[in-house]
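S.K.: This is the content of target18.txt (compact mmCIF, C-alpha atoms):
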# COMPACT_ATOMS: atom_id res chain seq x y z
CA MET A 1 -27.04 70.24 91.42
CA ALA A 2 -27.39 69.95 87.63
CA GLU A 3 -26.39 66.76 85.86
CA PRO A 4 -22.92 66.81 84.20
CA LYS A 5 -23.04 68.44 80.82
CA ALA A 6 -21.88 65.49 78.76
CA LYS A 7 -23.50 64.18 75.62
CA LYS A 8 -23.39 60.37 75.49
CA LYS A 9 -22.90 58.36 72.34
CA ASN A 10 -23.33 55.23 74.49
CA ASP A 11 -22.84 54.23 78.12
CA ASN A 12 -19.12 53.59 77.66
CA ASP A 13 -18.19 56.46 75.38
CA PRO A 14 -19.48 59.85 76.52
CA ALA A 15 -18.62 62.85 74.37
CA VAL A 16 -17.88 65.85 76.56
CA ASP A 17 -19.53 69.15 75.70
CA ALA A 18 -16.49 71.26 74.81
CA GLU A 19 -18.23 74.56 75.59
CA ALA A 20 -19.31 73.33 79.03
CA ALA A 21 -15.76 72.11 79.66
CA LYS A 22 -14.27 75.49 78.74
CA THR A 23 -16.80 77.27 80.96
CA ALA A 24 -15.91 75.00 83.88
CA PHE A 25 -12.21 75.60 83.30
CA ASP A 26 -12.63 79.39 83.15
CA LYS A 27 -14.67 79.42 86.37
CA LEU A 28 -12.14 77.25 88.21
CA LEU A 29 -9.04 79.04 86.92
CA PRO A 30 -8.71 81.49 89.85
CA ARG A 31 -8.77 78.56 92.29
CA LEU A 32 -6.40 76.54 90.12
CA ASP A 33 -3.90 79.39 90.05
CA GLU A 34 -3.91 79.46 93.86
CA LEU A 35 -2.53 75.91 94.09
CA PRO A 36 1.12 75.91 95.29
CA SER A 37 3.42 75.08 92.39
CA ASP A 38 5.53 72.72 94.49
CA ASN A 39 2.46 70.56 95.25
CA LEU A 40 1.29 70.04 91.68
CA GLN A 41 0.90 66.46 90.45
CA VAL A 42 2.01 65.25 87.03
CA PRO A 43 -0.62 62.87 85.60
CA ASN A 44 1.07 59.62 84.56
CA THR A 45 -2.01 58.64 82.58
CA ALA A 46 -4.28 59.95 79.82
CA ALA A 47 -5.81 62.84 81.76
CA ASP A 48 -8.68 63.39 79.30
CA ALA A 49 -9.85 59.78 79.59
CA ALA A 50 -9.41 59.81 83.37
CA ALA A 51 -11.52 62.96 83.52
CA ILE A 52 -14.34 61.21 81.64
CA ALA A 53 -14.25 58.40 84.22
CA ALA A 54 -14.51 61.02 86.98
CA LEU A 55 -17.40 62.67 85.14
CA ARG A 56 -19.34 59.40 85.18
CA VAL A 57 -18.82 59.11 88.93
CA ALA A 58 -19.85 62.74 89.46
CA SER A 59 -23.10 62.08 87.62
CA GLU A 60 -23.89 59.01 89.72
CA MET A 61 -22.92 60.52 93.07
CA ASN A 62 -24.89 63.71 92.44
CA ALA A 63 -28.11 61.84 91.75
CA PRO A 64 -30.55 63.22 94.38
CA ALA A 65 -30.91 60.02 96.45
CA ILE A 66 -27.16 59.39 96.72
CA ARG A 67 -26.25 63.04 97.20
CA ALA A 68 -28.67 63.21 100.13
CA ARG A 69 -26.69 60.44 101.82
CA PHE A 70 -23.44 62.36 101.37
CA GLU A 71 -25.11 65.45 102.82
CA SER A 72 -26.18 63.43 105.87
CA LEU A 73 -22.52 62.96 106.86
CA PRO A 74 -21.09 65.33 109.51
CA LYS A 75 -19.24 68.19 107.79
CA LYS A 76 -16.14 67.52 109.87
CA GLU A 77 -16.06 64.04 108.28
CA PHE A 78 -16.96 65.06 104.72
CA ASP A 79 -17.33 68.48 103.12
CA THR A 80 -19.83 68.40 100.23
CA VAL A 81 -17.77 71.06 98.47
CA TYR A 82 -15.74 68.15 97.08
CA LEU A 83 -18.91 66.68 95.58
CA ASP A 84 -19.77 70.10 94.15
CA ASP A 85 -16.26 70.41 92.68
CA LEU A 86 -16.08 66.96 91.11
CA GLU A 87 -18.00 67.64 87.89
CA PRO A 88 -16.39 71.02 87.07
CA ALA A 89 -12.97 69.61 87.99
CA ALA A 90 -13.46 66.70 85.60
CA LEU A 91 -14.66 69.00 82.81
CA ALA A 92 -11.77 71.44 83.40
CA THR A 93 -9.23 68.61 83.38
CA TRP A 94 -10.64 67.27 80.11
CA TYR A 95 -10.48 70.77 78.61
CA ALA A 96 -6.89 71.42 79.69
CA ALA A 97 -5.77 67.99 78.47
CA THR A 98 -7.32 68.49 75.04
CA GLN A 99 -5.78 71.96 74.78
CA LEU A 100 -2.38 70.46 75.54
CA LEU A 101 -2.89 67.80 72.88
CA GLU A 102 -3.65 70.54 70.36
CA ALA A 103 -0.61 72.55 71.44
CA ASN A 104 1.61 69.49 71.12
CA ALA A 105 0.18 68.67 67.69
CA SER A 106 0.88 72.16 66.38
CA GLY A 107 4.21 72.57 68.16
CA THR A 108 7.62 71.47 67.00
CA GLU A 109 8.24 67.81 67.71
CA ALA A 110 10.89 67.33 70.38
CA LYS A 111 14.20 66.03 69.11
CA LEU A 112 16.27 64.29 71.73
CA PRO A 113 19.94 63.39 71.32
CA VAL A 114 20.28 59.98 69.69
CA ASP A 115 22.73 58.76 72.31
CA LEU A 116 20.29 59.68 75.10
CA VAL A 117 17.39 57.84 73.46
CA ASN A 118 19.52 54.79 72.71
CA GLU A 119 20.89 54.55 76.25
CA ALA A 120 17.48 55.12 77.83
CA THR A 121 15.87 52.48 75.61
CA GLU A 122 18.65 49.99 76.34
CA VAL A 123 18.44 50.50 80.11
CA LYS A 124 14.62 50.22 80.09
CA ALA A 125 14.76 46.98 78.07
CA ARG A 126 17.34 45.44 80.39
CA MET A 127 15.40 46.42 83.51
CA LEU A 128 12.22 44.95 82.04
CA ARG A 129 14.02 41.66 81.36
CA VAL A 130 15.09 41.54 85.00
CA CYS A 131 11.53 42.20 86.16
CA ASP A 132 10.11 39.58 83.80
CA TYR A 133 12.45 36.98 85.24
CA HIS A 134 11.80 37.76 88.91
CA PHE A 135 8.15 38.84 89.11
CA GLU A 136 5.13 36.83 88.01
CA PRO A 137 2.55 38.68 85.85
CA ASP A 138 -0.23 38.23 88.43
CA THR A 139 1.71 39.93 91.24
CA GLU A 140 1.46 43.63 92.09
CA ILE A 141 4.90 44.35 90.64
CA GLY A 142 4.13 42.18 87.62
CA ARG A 143 1.08 44.31 86.91
CA GLN A 144 3.16 47.48 87.28
CA VAL A 145 5.66 46.11 84.78
CA ALA A 146 2.87 45.27 82.31
CA ASP A 147 1.59 48.84 82.66
CA ILE A 148 5.08 50.24 82.06
CA ARG A 149 5.24 48.37 78.75
CA VAL A 150 2.22 50.33 77.49
CA GLY A 151 4.15 53.61 77.45
CA THR A 152 4.93 55.29 74.14
CA GLY A 153 6.85 58.45 73.37
CA TYR A 154 9.64 60.28 75.13
CA ARG A 155 7.63 61.48 78.13
CA ASP A 156 6.40 57.95 78.83
CA LEU A 157 9.97 56.69 78.46
CA ALA A 158 11.07 59.12 81.18
CA GLN A 159 8.21 58.08 83.48
CA ASP A 160 8.84 54.38 82.79
CA LEU A 161 12.50 54.70 83.76
CA SER A 162 11.55 56.52 86.94
CA ARG A 163 9.06 53.78 87.88
CA LEU A 164 11.53 51.00 87.09
CA GLY A 165 14.16 52.73 89.20
CA LYS A 166 11.74 52.77 92.12
CA ILE A 167 11.00 49.06 91.71
CA PHE A 168 14.71 48.23 91.60
CA ARG A 169 15.43 50.23 94.75
CA GLN A 170 12.53 48.64 96.63
CA GLN A 171 13.38 45.10 95.48
CA GLU A 172 17.17 45.37 95.58
CA ALA A 173 17.62 42.39 97.90
CA ALA A 174 15.57 40.12 95.62
CA LEU A 175 17.28 41.27 92.42
CA ALA A 176 20.91 41.44 93.49
CA GLY A 177 21.47 37.72 92.95
CA ASP A 178 20.74 38.00 89.21
CA LYS A 179 24.20 37.98 87.61
CA LYS A 180 22.95 37.80 84.01
CA HIS A 181 20.88 40.95 83.49
CA TYR A 182 20.81 42.87 86.79
CA ARG A 183 23.21 45.78 87.25
CA ASN A 184 23.35 47.44 90.64
CA ASP A 185 23.71 50.89 89.11
CA ASP A 186 20.66 50.68 86.81
CA ALA A 187 18.27 52.24 89.33
CA GLU A 188 20.45 55.35 89.58
CA ARG A 189 21.06 55.41 85.81
CA ALA A 190 17.33 55.15 85.14
CA SER A 191 16.61 58.12 87.42
CA LYS A 192 19.32 60.24 85.80
CA LEU A 193 18.18 59.36 82.29
CA SER A 194 14.56 60.16 83.22
CA HIS A 195 15.64 63.57 84.50
CA ARG A 196 17.69 64.26 81.35
CA ILE A 197 14.79 63.36 79.04
CA LEU A 198 12.34 65.59 80.91
CA LYS A 199 14.88 68.44 80.90
CA GLU A 200 15.38 68.11 77.14
CA LEU A 201 11.62 68.01 76.54
CA ALA A 202 11.07 71.10 78.68
CA ALA A 203 13.66 73.00 76.67
CA THR A 204 11.89 72.27 73.37
CA ARG A 205 8.35 73.23 74.39
CA ASN A 206 6.85 76.37 72.96
CA GLY A 207 4.88 78.88 75.02
CA GLU A 208 1.48 77.24 74.47
CA GLN A 209 2.83 73.83 75.36
CA LYS A 210 4.36 75.13 78.58
CA LEU A 211 1.16 76.98 79.51
CA TRP A 212 -1.12 73.97 79.02
CA THR A 213 1.33 71.51 80.54
CA GLU A 214 1.12 73.47 83.79
CA ARG A 215 -2.64 73.86 83.51
CA VAL A 216 -3.06 70.12 83.09
CA MET A 217 -1.04 69.63 86.26
CA ARG A 218 -3.21 72.16 88.10
CA THR A 219 -6.53 70.68 86.95
CA TRP A 220 -5.30 67.14 87.60
CA THR A 221 -4.17 68.05 91.12
CA PHE A 222 -7.53 69.71 91.82
CA LEU A 223 -9.48 66.78 90.38
CA SER A 224 -7.40 64.18 92.23
CA ARG A 225 -8.14 65.82 95.57
CA ALA A 226 -11.89 66.12 94.94
CA TYR A 227 -12.13 62.59 93.58
CA GLY A 228 -10.09 61.18 96.43
CA GLU A 229 -12.38 62.75 99.05
CA VAL A 230 -15.58 61.70 97.29
CA SER A 231 -14.36 58.16 96.63
CA ALA A 232 -13.14 57.69 100.22
CA ALA A 233 -16.47 58.82 101.69
CA GLY A 234 -18.54 57.10 99.01
CA THR A 235 -16.75 53.76 99.36
CA TRP A 236 -17.77 53.69 103.02
CA LEU A 237 -21.22 55.21 102.49
CA LEU A 238 -22.07 52.68 99.77
CA ARG A 239 -20.14 49.81 101.33
CA HIS A 240 -23.15 47.48 101.17
CA GLU A 241 -23.84 48.42 97.54
CA GLY A 242 -20.54 47.66 95.85
CA GLY A 243 -18.97 50.89 97.06
CA ALA A 244 -15.36 50.19 96.07
CA GLU A 245 -16.32 49.11 92.55
CA ARG A 246 -18.21 52.35 91.97
CA PHE A 247 -15.05 54.43 92.24
CA PRO A 248 -12.53 53.24 89.61
CA SER A 249 -8.91 54.34 89.71
CA LEU A 250 -8.58 57.41 87.49
CA VAL A 251 -4.98 56.49 86.68
CA ALA A 252 -6.03 53.00 85.60
CA ALA A 253 -8.92 54.39 83.52
CA GLY A 254 -6.57 56.75 81.71
CA ARG A 255 -3.97 54.06 81.08
CA THR A 256 -6.57 51.66 79.72
CA ALA A 257 -7.68 54.33 77.25
CA LYS A 258 -4.06 55.07 76.38
CA LYS A 259 -3.42 51.40 75.63
CA ALA A 260 -6.57 51.20 73.49
CA ARG A 261 -5.51 54.26 71.51
CA SER A 262 -2.08 52.75 70.94
CA GLU A 263 -3.65 49.53 69.65
CA VAL A 264 -5.94 51.49 67.31
CA LYS A 265 -2.94 53.34 65.87
CA GLU A 266 -1.13 50.04 65.35
CA ASP A 267 -4.19 48.59 63.57
CA GLU A 268 -4.51 51.67 61.38
CA GLY A 269 -0.84 51.44 60.50
CA ALA A 270 -1.19 47.78 59.58
CA GLU A 271 -4.20 48.55 57.38
CA SER A 272 -2.35 51.29 55.53
CA ILE A 273 0.61 48.98 54.93
CA GLY A 274 -1.69 46.30 53.56
CA ALA A 275 -3.68 48.74 51.42
Just give me the structure of the file as structure tokens.

M.R.:
Amino acid sequence: MAEPKAKKKNDNDPAVDAEAAKTAFDKLLPRLDELPSDNLQVPNTAADAAAIAALRVASEMNAPAIRARFESLPKKEFDTVYLDDLEPAALATWYAATQLLEANASGTEAKLPVDLVNEATEVKARMLRVCDYHFEPDTEIGRQVADIRVGTGYRDLAQDLSRLGKIFRQQEAALAGDKKHYRNDDAERASKLSHRILKELAATRNGEQKLWTERVMRTWTFLSRAYGEVSAAGTWLLRHEGGAERFPSLVAAGRTAKKARSEVKEDEGAESIGA
């Protein structure tokens, strides 16, 4: 199998060949369109950055020596079609994500009702205060809360509220004793506000935005399945060679990139103010 068509500026910052990505997307489109709409996944991360992480893994796992080890596995345990799909799925996901970014940039910016934004922001802030008080930063929930803080924009606000609502429902017994900040109806309010924000955003999207939003979901769903199968088999196959570390979380990779981009924007803003 050919090496992934990515041009590297350095080991940590590959620049994807846009033409190769479009070609991969076009070839996969018939299979993407066959995916059931009710099973599509919404990427809660920067899908383009996550796709680049998957592309790195595809390159490593398709190196002849490692690929031969995957091919030695019984087909009933691992189908090499997932290894074949990984590179084109990553390229297609990157392409769809960049097309959506372009559509969003050229589309009309969503305008949400002020009262909705204010209430959602207030509820999120209060729920974060509760989490900060009850969960240490080095715990699993503490790390989730830190990740939630990274979110920017209306869509992230909706996802953040949904995630906080889930934490509150799961940890209700531990939180109920907090009489200062905790409100027992915040989990339900967060879910309703999340739904309202997403509904408002959907109503303001133009045709291109809607088209590429769905295509990002389709490519992400396809990529997630291929990556999940390859990483599960590869973690075991390479268990004596740092297997788990060779398959990073795509969601985490995308969120790290998202945070870095946010920090760059903040730095650029500070520079322009000081200019």

S.K.: Quick one: everything within 10 Å of Ala97 of chain A, counting all atoms listed in the file, minus sequence neighbours fewer than 2 positions away in the same chain. Send it as a PDB file with C-alpha atoms, keeping the file's coordinate frame.

M.R.:
ATOM      1  CA  ALA A  46      -4.280  59.950  79.820  1.00  0.00           C
ATOM      2  CA  ALA A  47      -5.810  62.840  81.760  1.00  0.00           C
ATOM      3  CA  ASP A  48      -8.680  63.390  79.300  1.00  0.00           C
ATOM      4  CA  ALA A  49      -9.850  59.780  79.590  1.00  0.00           C
ATOM      5  CA  ALA A  51     -11.520  62.960  83.520  1.00  0.00           C
ATOM      6  CA  LEU A  91     -14.660  69.000  82.810  1.00  0.00           C
ATOM      7  CA  ALA A  92     -11.770  71.440  83.400  1.00  0.00           C
ATOM      8  CA  THR A  93      -9.230  68.610  83.380  1.00  0.00           C
ATOM      9  CA  TRP A  94     -10.640  67.270  80.110  1.00  0.00           C
ATOM     10  CA  TYR A  95     -10.480  70.770  78.610  1.00  0.00           C
ATOM     11  CA  GLN A  99      -5.780  71.960  74.780  1.00  0.00           C
ATOM     12  CA  LEU A 100      -2.380  70.460  75.540  1.00  0.00           C
ATOM     13  CA  LEU A 101      -2.890  67.800  72.880  1.00  0.00           C
ATOM     14  CA  GLU A 102      -3.650  70.540  70.360  1.00  0.00           C
ATOM     15  CA  ALA A 103      -0.610  72.550  71.440  1.00  0.00           C
ATOM     16  CA  TRP A 212      -1.120  73.970  79.020  1.00  0.00           C
ATOM     17  CA  THR A 213       1.330  71.510  80.540  1.00  0.00           C
ATOM     18  CA  ARG A 215      -2.640  73.860  83.510  1.00  0.00           C
ATOM     19  CA  VAL A 216      -3.060  70.120  83.090  1.00  0.00           C
ATOM     20  CA  MET A 217      -1.040  69.630  86.260  1.00  0.00           C
ATOM     21  CA  THR A 219      -6.530  70.680  86.950  1.00  0.00           C
ATOM     22  CA  TRP A 220      -5.300  67.140  87.600  1.00  0.00           C
TER      23      TRP A 220
END

S.K.: For a test of reading the model, state the distance in Å between atom CA of Arg143 of chain A and atom CA of Val251 of chain A, rounded to one decimal.

M.R.: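 Atom-to-atom, atom CA of Arg143 of chain A to atom CA of Val251 of chain A, that is 13.6 Å.
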
S.K.: Can you tell me which residues surround Ala253 of chain A at a distance of at most 9 Å, considering all atoms listed in the file, apart from same-chain residues fewer than 2 positions away, and format the answer as a ChimeraX atom specification?

M.R.: /A:45-46,49-53,248-251,255-258

S.K.: Please provide as a PyMOL selection string all residues within 12 Å of Val114 of chain A, with the sequence filter that same-chain residues fewer than 6 positions apart are discarded (counting all atoms listed in the file).

M.R.: chain A and resi 120-121+154+197

S.K.: Please list as JSON, numbers by chain every residue within 12 Å of Tyr133 of chain A, counting all atoms listed in the file and excluding residues in the same chain fewer than 3 positions away.

M.R.: {"A": [126, 127, 128, 129, 130, 136, 137, 141, 142, 145, 174, 175, 177, 178, 180, 181, 182]}

S.K.: For atom CA of Ser37 of chain A and atom CA of Asn104 of chain A, quote the distance in Å rounded to one decimal.

M.R.: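 Between these atoms lies a distance of 22.1 Å.
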
S.K.: Go ahead and compute the interatomic distance for atom CA of His134 of chain A and atom CA of Glu172 of chain A, in Å to one decimal.

M.R.: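 We find that atom CA of His134 of chain A and atom CA of Glu172 of chain A lie 11.5 Å from each other.
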
S.K.: For each of A:Pro43, A:Pro88, A:Pro64, A:Gly165, take the minimum atom-to-atom distance to Ala252 of chain A, counting only C-alpha atoms, then give the residue where this is smallest.

M.R.: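 Going through A:Pro43, A:Pro88, A:Pro64, A:Gly165 one by one, the smallest distance to Ala252 of chain A is for A:Pro43.
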
S.K.: If you count all atoms listed in the file, which residues fall within 8 Å of segment 67-79 of chain A, apart from same-chain ones fewer than 3 positions away, as a list in words?

M.R.: Met61, Asn62, Ala63, Pro64, Tyr82, Leu83, Glu229, Ala233, Gly234 and Leu237 of chain A
